[in-house]
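See below for the structure under consideration.
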Amino acid sequence: MNEAAPREIYGKTLVSLGRQNPDIVVLDADLSPSTMTHYFAREFPQRFFDCGLAEQNMMGIAAGLAASGKIPFASTFAVFASCRCFDQVRICLSQTKLNVKIVATHGGISVGEDGTSHQAIEDLALYCALPGFTVIVPADAVETAAAVKVAAATYGPFYIRLGRPKIPIIYPESYPFTIGKAVTMRRGKDVTIIATGIMVAKALEASNSLAKQGIECRVVNMSTIKPLDEEAIISAASETGAIVVAEEHLAQGGLGSRVAMTSSKERPVPMEFVNLGERYAVSGKSSELLQRYGLTDREIAKAVKKAIERK
Amino acid sequence: MLQANIFNYSLTDLEETARKLRRHVITMITAAGSGHPGGSLSAADIITALYFKVMRHNPKDPQWQDRDRFILSKGHAAPVLYAALAESGYFPVEELKTLRKLDSCLQGHTDRNLTPGVEMSAGSLGMGLSFAIGVALAARLDTKTYRTYVLLGDGECDEGQIWEAALSAAHFKLDNITAIIDRNGIQLTDWTRNVMNLEPLSQKWQAFGWHVIEIDGHDFRQILTALEEAMTIKTRPAVIIAHTTKGKGVSFMENKAAFHGKAPTPEEAERALKELE
C-alpha cells in the first residue's frame, strides 16, 4: 500500500490554495519545516507570519487577520495548538466564531520519540468542547488535502489534527470529502467499527482478518468528530447491533465519548472502545508505541468479539 | 471617504463629553448592580479623545473597511466604551441602561458579535494586543491606511501574552499600531507595585522595540499630542503610557482598589453624579 505523511500534503495544499486565493495567510510558531507550512512561506513570504514560540499570541493574531477578511491557517504541533493556548482559542475563536483554520500536526502518540510532552492525546476533547468549532481528523493524505480545501472554503473556526508519520493511503484521488459525513469503508452486518485518523486503516485490517473468521464488520471513517454524523451512528447501532470506536486519544472526550452519547440517547447497543484509556505514553518508535498502548488491528479485533458477545 | 474624525470636538467639548461618559458609567453600573467602575473612569478621557477627535469612524457604517480600529483589551472597562459608542451614535443611548441584563447587547465584557462598533470580544486579559497585530498586518497586506488602537490595563501587563505580542509587533515593524496603557496603578486587590511590580515600565517597552510616550492621561492636550506623535513614528509601534487615576472624577472612588469591581450603591451613585455635573 502506498504511504504519505498528511502534513506533507497539507503543506502542498496550502500552496495551491494560496495561488487561488490571495486572502489565504499562514501563521506558524517556529515549526514550519515540521508542519510543512514552509512551502507556503517560500512562495508567499508576505503572507506568512512566523510568530516565534508564542502560540497564545499566534491565535490572537490569527483572529485579528480573520476579522479583517483574511483566511488564516495557523499551524504548530497539536500539543501546543490545544493545551498551550486554549483560553485564547476559546475567547478569540470559539466565542467570536472567527474564520481561523488551526491545522495541528504531530498529533497523538504516533509522534514517537519526542515523548509524552509532545504527544497530543487530549486535543480532541478540548476542541470538541468548544461551540462553533469543526473538528476533523483525516484518515490519510488524500482526505487531508480534501479537508483542508473544504475548510478554506467554509466560514468558521476549524481544528484539523494530522500526525507526524507516513500512513497508508486508503482513498483514491477522486475522493470527495464532506464535512460531518461519515464514510462507510466496508459493509457488514455483525458490528460497526467507527474509527478516525490512523485507526481507520487499522480497522480495515482488523475487519479483513475477522472476515476470515466469519465476522462481517461495517467500517466507518468518522473523520469529522464535530459536528458528528449522528445518522451514521444510529444506523450502525440499529443495523449491526454493536459498536467499537477506535481512536488515538485518551478515553475521555474524544470520538468514543461522542459516539456513546449519541448511541445511548438514540439507540443504545453494546459498545467497546479502543483508545489510550487514562494514561500518558513514553518515548519510543511510533510503531512500538502503537503496539505497546494497544492501538492495533489486533486490539480492534478483540474489542469486536467482546462487543458481539454482549449483543 | 472620511478623512478626519466626524466630531472633531474642541477641548471644551471633549471635557464635557468625558464627564458625560463618566456619568453614563456610574448610571449604567449602578443600574446593573455589578461591574467595574474604577477602570472605566480612568480610561474615559483617552476613549473620548479617540472617538470624538482622533479616529476616523462612521457610526452609521460600523463595518466600514477603512475605519480606524479601537480594540479594548481591558474588557472590564466595557461600560465606558459602550458609553462612547452610544454617544457616537452606534446605538441609542437608552440601551446603556440594559448593561449586563438578560438579552442586552451590552454584555458584562465586550462581545464583538453583539454590540455594534465593538471590534473584539474581551474579558480574559492579555489578548487584545495580539488581535490588534492581526488587524494591523491585514492593513499592511491590503495597503490600507487605517490605524489600530488598543487600550491595555496596567494590571493586564502581568499577562505573559502581552509581552509575546509586544515582541512581535516590534518584530513585524507595525508602525500602524498605537497601544495605550491606562496606567492607573491599581489592579483588583491592590496597587500594581504591591501585587506585581511593573516598573520600570517605560524601559521595558523601549527594550521591546517600541516608541514610548508618557503622558498625563487626563490632560486632553497631552493625550492629543501623544496620539499625533504616535502617528509619525515609522518602522516601529508606539505605546502611550497614560498616567491616570483609578476612579477619576469621583472623589470617593479615586485610587480605591475597592472600586475596581464593585458597583456603587444608589446613594453613592447620587453623590458621584453630583460630582460629575
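Numbering starts fresh at 1 for the residues of each chain in the C-alpha cells, the chains themselves are lettered A, B, ... in the order given, and ligands are numbered from 1 as they appear.
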Which residues come within 9 Å of B:Glu156, counting only C-alpha atoms, excluding same-chain residues fewer than 6 positions away, as a CSV table (one decimal) with all heavy atoms, in the first residue's frame?
```csv
chain,number,residue,atom,x,y,z
B,73,SER,N,-8.7,46.0,25.1
B,73,SER,CA,-8.1,44.8,25.6
B,73,SER,C,-8.5,44.6,27.1
B,73,SER,O,-8.8,43.4,27.5
B,73,SER,CB,-6.6,44.8,25.5
B,73,SER,OG,-6.1,43.5,25.7
B,74,LYS,N,-8.6,45.7,27.8
B,74,LYS,CA,-9.0,45.6,29.2
B,74,LYS,C,-10.6,45.5,29.2
B,74,LYS,O,-11.2,46.6,29.4
B,74,LYS,CB,-8.4,46.7,30.1
B,74,LYS,CG,-8.5,48.1,29.6
B,74,LYS,CD,-8.0,49.1,30.6
B,74,LYS,CE,-9.1,49.4,31.6
B,74,LYS,NZ,-8.8,50.5,32.6
B,125,LEU,N,-7.9,38.7,30.3
B,125,LEU,CA,-6.9,39.8,30.0
B,125,LEU,C,-5.7,39.3,29.2
B,125,LEU,O,-5.3,38.1,29.2
B,125,LEU,CB,-6.4,40.4,31.3
B,125,LEU,CG,-7.5,41.2,32.0
B,125,LEU,CD1,-7.1,41.6,33.4
B,125,LEU,CD2,-7.9,42.4,31.2
B,126,GLY,N,-5.1,40.2,28.5
B,126,GLY,CA,-3.9,40.0,27.7
B,126,GLY,C,-4.0,39.7,26.3
B,126,GLY,O,-3.0,39.4,25.6
B,162,ILE,N,0.9,39.6,26.7
B,162,ILE,CA,1.2,41.0,26.4
B,162,ILE,C,2.6,41.1,25.9
B,162,ILE,O,2.9,41.8,24.9
B,162,ILE,CB,1.0,41.9,27.6
B,162,ILE,CG1,-0.5,42.0,28.0
B,162,ILE,CG2,1.5,43.3,27.4
B,162,ILE,CD1,-1.4,42.7,26.9
B,187,GLN,N,-4.7,47.4,40.5
B,187,GLN,CA,-5.4,46.3,39.9
B,187,GLN,C,-6.4,45.7,41.0
B,187,GLN,O,-6.7,46.5,41.9
B,187,GLN,CB,-4.4,45.2,39.4
B,187,GLN,CG,-3.3,44.7,40.4
B,187,GLN,CD,-2.2,44.0,39.6
B,187,GLN,OE1,-1.1,44.6,39.5
B,187,GLN,NE2,-2.4,42.8,39.2
```
When DSSP works through the backbone of this structure, what residues of stretch 135-255 of chain A end up as strand (DSSP E), shown as a ChimeraX atom specification? /A:135-136,158-161,167-168,183-186,191-195,217-221,224-226,243-246
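Selected on chain A by distance to chain B: A:Asn57, A:Gly60, A:Ile61, A:Ala62, A:Ala63, A:Gly64, A:Leu65, A:Ser68 (within 6 Å, counting only C-alpha atoms).
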File dump, residues just selected, C-alpha atoms, as a compact mmCIF listing (two decimals), in the first residue's frame:
```txt
# COMPACT_ATOMS: atom_id res chain seq x y z
CA ASN A 57 -0.09 35.43 20.53
CA GLY A 60 -4.82 36.25 18.69
CA ILE A 61 -3.04 37.48 15.55
CA ALA A 62 -4.93 34.89 13.51
CA ALA A 63 -8.20 36.20 14.97
CA GLY A 64 -7.27 39.77 14.02
CA LEU A 65 -6.43 38.73 10.48
CA SER A 68 -10.08 41.81 8.70
```
- Query: B:Trp64: which residues within 12 Å, counting only C-alpha atoms, same-chain residues fewer than 2 positions away excluded, as a PyMOL selection string?
  - Reply: (chain A and resi 68) or (chain B and resi 1-2+56-62+66-69+116-117+119+146)
Please write the residues from the selection above to a file, keeping N, CA and C atoms, as a tab-separated table (two decimals), in the first residue's frame.
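Generated file (part_22.tsv):
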```
chain	number	residue	atom	x	y	z
A	68	SER	N	-10.36	40.83	9.75
A	68	SER	CA	-10.08	41.81	8.70
A	68	SER	C	-10.21	41.19	7.31
B	1	MET	N	-15.16	59.28	1.25
B	1	MET	CA	-14.40	58.66	2.34
B	1	MET	C	-14.07	59.69	3.41
B	2	LEU	N	-14.12	59.26	4.65
B	2	LEU	CA	-13.84	60.18	5.75
B	2	LEU	C	-12.33	60.37	5.89
B	56	ARG	N	-10.93	57.98	12.64
B	56	ARG	CA	-11.85	58.05	11.51
B	56	ARG	C	-12.79	56.85	11.66
B	57	HIS	N	-14.03	57.14	11.99
B	57	HIS	CA	-15.00	56.05	12.14
B	57	HIS	C	-16.37	56.56	11.76
B	58	ASN	N	-17.25	55.64	11.44
B	58	ASN	CA	-18.56	56.04	10.98
B	58	ASN	C	-19.65	55.21	11.68
B	59	PRO	N	-20.30	55.81	12.67
B	59	PRO	CA	-21.32	55.07	13.44
B	59	PRO	C	-22.44	54.53	12.56
B	60	LYS	N	-22.64	55.14	11.38
B	60	LYS	CA	-23.70	54.64	10.50
B	60	LYS	C	-23.23	53.41	9.74
B	61	ASP	N	-21.95	53.18	9.72
B	61	ASP	CA	-21.40	52.04	8.98
B	61	ASP	C	-20.26	51.42	9.80
B	62	PRO	N	-20.65	50.69	10.88
B	62	PRO	CA	-19.62	50.17	11.80
B	62	PRO	C	-18.58	49.28	11.12
B	66	ASP	N	-12.35	51.09	5.91
B	66	ASP	CA	-11.19	51.96	6.13
B	66	ASP	C	-11.19	52.62	7.51
B	67	ARG	N	-12.12	52.22	8.37
B	67	ARG	CA	-12.20	52.84	9.70
B	67	ARG	C	-10.94	52.57	10.51
B	68	ASP	N	-10.59	53.51	11.36
B	68	ASP	CA	-9.58	53.21	12.38
B	68	ASP	C	-10.23	52.25	13.37
B	69	ARG	N	-9.43	51.34	13.86
B	69	ARG	CA	-9.96	50.34	14.79
B	69	ARG	C	-9.58	50.68	16.23
B	116	PRO	N	-22.81	46.74	18.15
B	116	PRO	CA	-22.30	47.50	17.00
B	116	PRO	C	-21.14	48.38	17.42
B	117	GLY	N	-20.05	48.33	16.68
B	117	GLY	CA	-18.89	49.17	16.98
B	117	GLY	C	-17.84	48.48	17.83
B	119	GLU	N	-15.04	46.02	18.31
B	119	GLU	CA	-14.18	45.30	17.36
B	119	GLU	C	-13.84	43.90	17.84
B	146	TYR	N	-5.73	52.60	7.53
B	146	TYR	CA	-6.36	52.71	8.86
B	146	TYR	C	-5.35	52.42	9.95
```
Item to check | Selection: 12 Å around A:Ser16, only C-alpha atoms, excl. self and same-chain fewer than 2 positions, as a ChimeraX atom specification | outcome: /A:9-14,18-22,24,39-40,43-44,145,148-149,152
Mind dumping the selected residues with N, CA, C and O atoms as a CSV table (one decimal), in the first residue's frame?
```csv
chain,number,residue,atom,x,y,z
A,9,ILE,N,1.3,16.7,2.6
A,9,ILE,CA,0.2,17.0,1.7
A,9,ILE,C,-0.5,18.4,2.1
A,9,ILE,O,-0.8,19.2,1.3
A,10,TYR,N,-0.6,18.5,3.4
A,10,TYR,CA,-1.1,19.8,3.9
A,10,TYR,C,-0.3,21.0,3.4
A,10,TYR,O,-0.9,22.0,2.9
A,11,GLY,N,1.0,20.9,3.6
A,11,GLY,CA,1.9,22.0,3.1
A,11,GLY,C,1.7,22.3,1.7
A,11,GLY,O,1.7,23.5,1.3
A,12,LYS,N,1.6,21.3,0.8
A,12,LYS,CA,1.5,21.5,-0.6
A,12,LYS,C,0.1,22.0,-1.0
A,12,LYS,O,-0.1,22.8,-1.9
A,13,THR,N,-0.9,21.5,-0.2
A,13,THR,CA,-2.3,22.0,-0.5
A,13,THR,C,-2.4,23.5,-0.2
A,13,THR,O,-3.0,24.3,-0.9
A,14,LEU,N,-1.7,23.9,0.9
A,14,LEU,CA,-1.7,25.3,1.3
A,14,LEU,C,-1.2,26.2,0.1
A,14,LEU,O,-1.7,27.3,-0.2
A,18,GLY,N,-3.1,29.0,-1.8
A,18,GLY,CA,-2.6,30.4,-1.8
A,18,GLY,C,-2.5,31.0,-3.2
A,18,GLY,O,-2.7,32.2,-3.3
A,19,ARG,N,-2.3,30.1,-4.2
A,19,ARG,CA,-2.3,30.6,-5.6
A,19,ARG,C,-3.7,31.0,-6.0
A,19,ARG,O,-3.8,32.0,-6.8
A,20,GLN,N,-4.7,30.3,-5.5
A,20,GLN,CA,-6.0,30.6,-6.0
A,20,GLN,C,-6.6,31.8,-5.2
A,20,GLN,O,-7.5,32.5,-5.8
A,21,ASN,N,-6.3,32.0,-4.0
A,21,ASN,CA,-7.0,33.0,-3.1
A,21,ASN,C,-5.9,33.8,-2.4
A,21,ASN,O,-5.3,33.4,-1.4
A,22,PRO,N,-5.9,35.1,-2.8
A,22,PRO,CA,-4.9,36.0,-2.1
A,22,PRO,C,-5.2,36.3,-0.6
A,22,PRO,O,-4.3,36.8,0.1
A,24,ILE,N,-5.7,34.0,1.6
A,24,ILE,CA,-5.2,32.9,2.4
A,24,ILE,C,-3.8,33.4,3.0
A,24,ILE,O,-2.9,33.8,2.3
A,39,TYR,N,6.6,25.5,2.8
A,39,TYR,CA,6.3,25.6,1.3
A,39,TYR,C,5.6,26.9,1.0
A,39,TYR,O,6.0,27.6,0.1
A,40,PHE,N,4.6,27.1,1.8
A,40,PHE,CA,3.8,28.4,1.6
A,40,PHE,C,4.7,29.6,1.9
A,40,PHE,O,4.7,30.6,1.1
A,43,GLU,N,6.9,30.4,-1.1
A,43,GLU,CA,6.2,31.0,-2.2
A,43,GLU,C,5.5,32.4,-1.9
A,43,GLU,O,5.5,33.2,-2.8
A,44,PHE,N,5.0,32.5,-0.7
A,44,PHE,CA,4.3,33.7,-0.3
A,44,PHE,C,4.9,34.4,1.0
A,44,PHE,O,4.2,34.4,2.0
A,145,ALA,N,-5.9,16.5,2.1
A,145,ALA,CA,-5.9,17.6,1.1
A,145,ALA,C,-7.4,18.1,0.9
A,145,ALA,O,-7.7,19.3,0.9
A,148,VAL,N,-8.6,20.1,4.0
A,148,VAL,CA,-8.0,21.4,4.1
A,148,VAL,C,-8.7,22.4,3.1
A,148,VAL,O,-9.0,23.5,3.4
A,149,LYS,N,-9.0,21.9,1.9
A,149,LYS,CA,-9.6,22.7,0.8
A,149,LYS,C,-11.0,23.1,1.3
A,149,LYS,O,-11.5,24.2,1.1
A,152,ALA,N,-10.9,25.7,3.9
A,152,ALA,CA,-10.6,27.1,3.4
A,152,ALA,C,-11.9,27.7,2.8
A,152,ALA,O,-12.1,28.9,2.9
```
message = Excluding stretch 89-101 of chain B and its own-chain neighbours fewer than 3 positions away, which residues fall within 7 Å of it when counting only C-alpha atoms? Please give them as a list of chain:residue names.
response = B:Met28, B:Ala31, B:Ala32, B:Pro59, B:Lys60, B:Ala83, B:Leu85, B:Ala86, B:Ser104, B:Leu106, B:Gln107, B:Gly108, B:Pro116, B:Gly117
Would you save the residues from that selection as a PDB file, in the first residue's frame, using C-alpha atoms?
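part_36.pdb, written as the output of this step:
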```pdb
ATOM      1  CA  MET B  28     -25.079  52.002  33.984  1.00  0.00           C
ATOM      2  CA  ALA B  31     -28.455  50.019  37.382  1.00  0.00           C
ATOM      3  CA  ALA B  32     -26.687  46.740  36.621  1.00  0.00           C
ATOM      4  CA  PRO B  59     -21.316  55.071  13.439  1.00  0.00           C
ATOM      5  CA  LYS B  60     -23.699  54.639  10.501  1.00  0.00           C
ATOM      6  CA  ALA B  83     -20.991  54.989  26.556  1.00  0.00           C
ATOM      7  CA  LEU B  85     -20.306  54.159  21.177  1.00  0.00           C
ATOM      8  CA  ALA B  86     -23.797  55.248  22.233  1.00  0.00           C
ATOM      9  CA  SER B 104     -28.962  43.103  26.305  1.00  0.00           C
ATOM     10  CA  LEU B 106     -24.220  45.172  26.218  1.00  0.00           C
ATOM     11  CA  GLN B 107     -22.500  42.240  27.869  1.00  0.00           C
ATOM     12  CA  GLY B 108     -20.512  42.408  31.097  1.00  0.00           C
ATOM     13  CA  PRO B 116     -22.304  47.496  17.001  1.00  0.00           C
ATOM     14  CA  GLY B 117     -18.893  49.166  16.977  1.00  0.00           C
TER      15      GLY B 117
END
```
Excluding same-chain residues fewer than 3 positions from A:Thr240, what lies within 7 Å of it counting only C-alpha atoms, as a PyMOL selection string?
-> chain A and resi 189-192+236-237
Store the residues of this selection in a file with C-alpha atoms, as an mmCIF file, in the first residue's frame.
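Everything below was put into out38.cif:
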```cif
data_model
loop_
_atom_site.group_PDB
_atom_site.id
_atom_site.type_symbol
_atom_site.label_atom_id
_atom_site.label_comp_id
_atom_site.auth_asym_id
_atom_site.auth_seq_id
_atom_site.Cartn_x
_atom_site.Cartn_y
_atom_site.Cartn_z
ATOM 1 C CA LYS A 189 -23.921 -6.763 9.492
ATOM 2 C CA ASP A 190 -22.380 -8.073 12.726
ATOM 3 C CA VAL A 191 -20.792 -4.981 14.240
ATOM 4 C CA THR A 192 -19.657 -1.481 13.264
ATOM 5 C CA ALA A 236 -24.799 1.444 12.697
ATOM 6 C CA ALA A 237 -26.492 0.757 16.017
#
```
Min atom-atom distance to B:Ser251 from the set B:His109, B:Arg193, B:Arg236, B:Lys274, counting only C-alpha atoms, belongs to B:Lys274
All residues 12 Å or closer to A:Val89, only C-alpha atoms, same chain fewer than 3 positions away omitted, as a ChimeraX atom specification: /A:55-63,74,80-86,92-102,126-127,129-133,157-159 /B:121,124,127,131
One residue among A:Arg292, A:Lys212, A:Met271, A:Asn2 is nearest to A:Pro168 when using only C-alpha atoms, and that residue is A:Asn2
**Request:** Mind the document's chain letters and residue numbers, and return as a PyMOL selection string the residues of stretch 178-302 of chain A that DSSP labels helix (DSSP H, G or I).
**Result:** chain A and resi 199-212+230-240+255-266+286-292+297-302
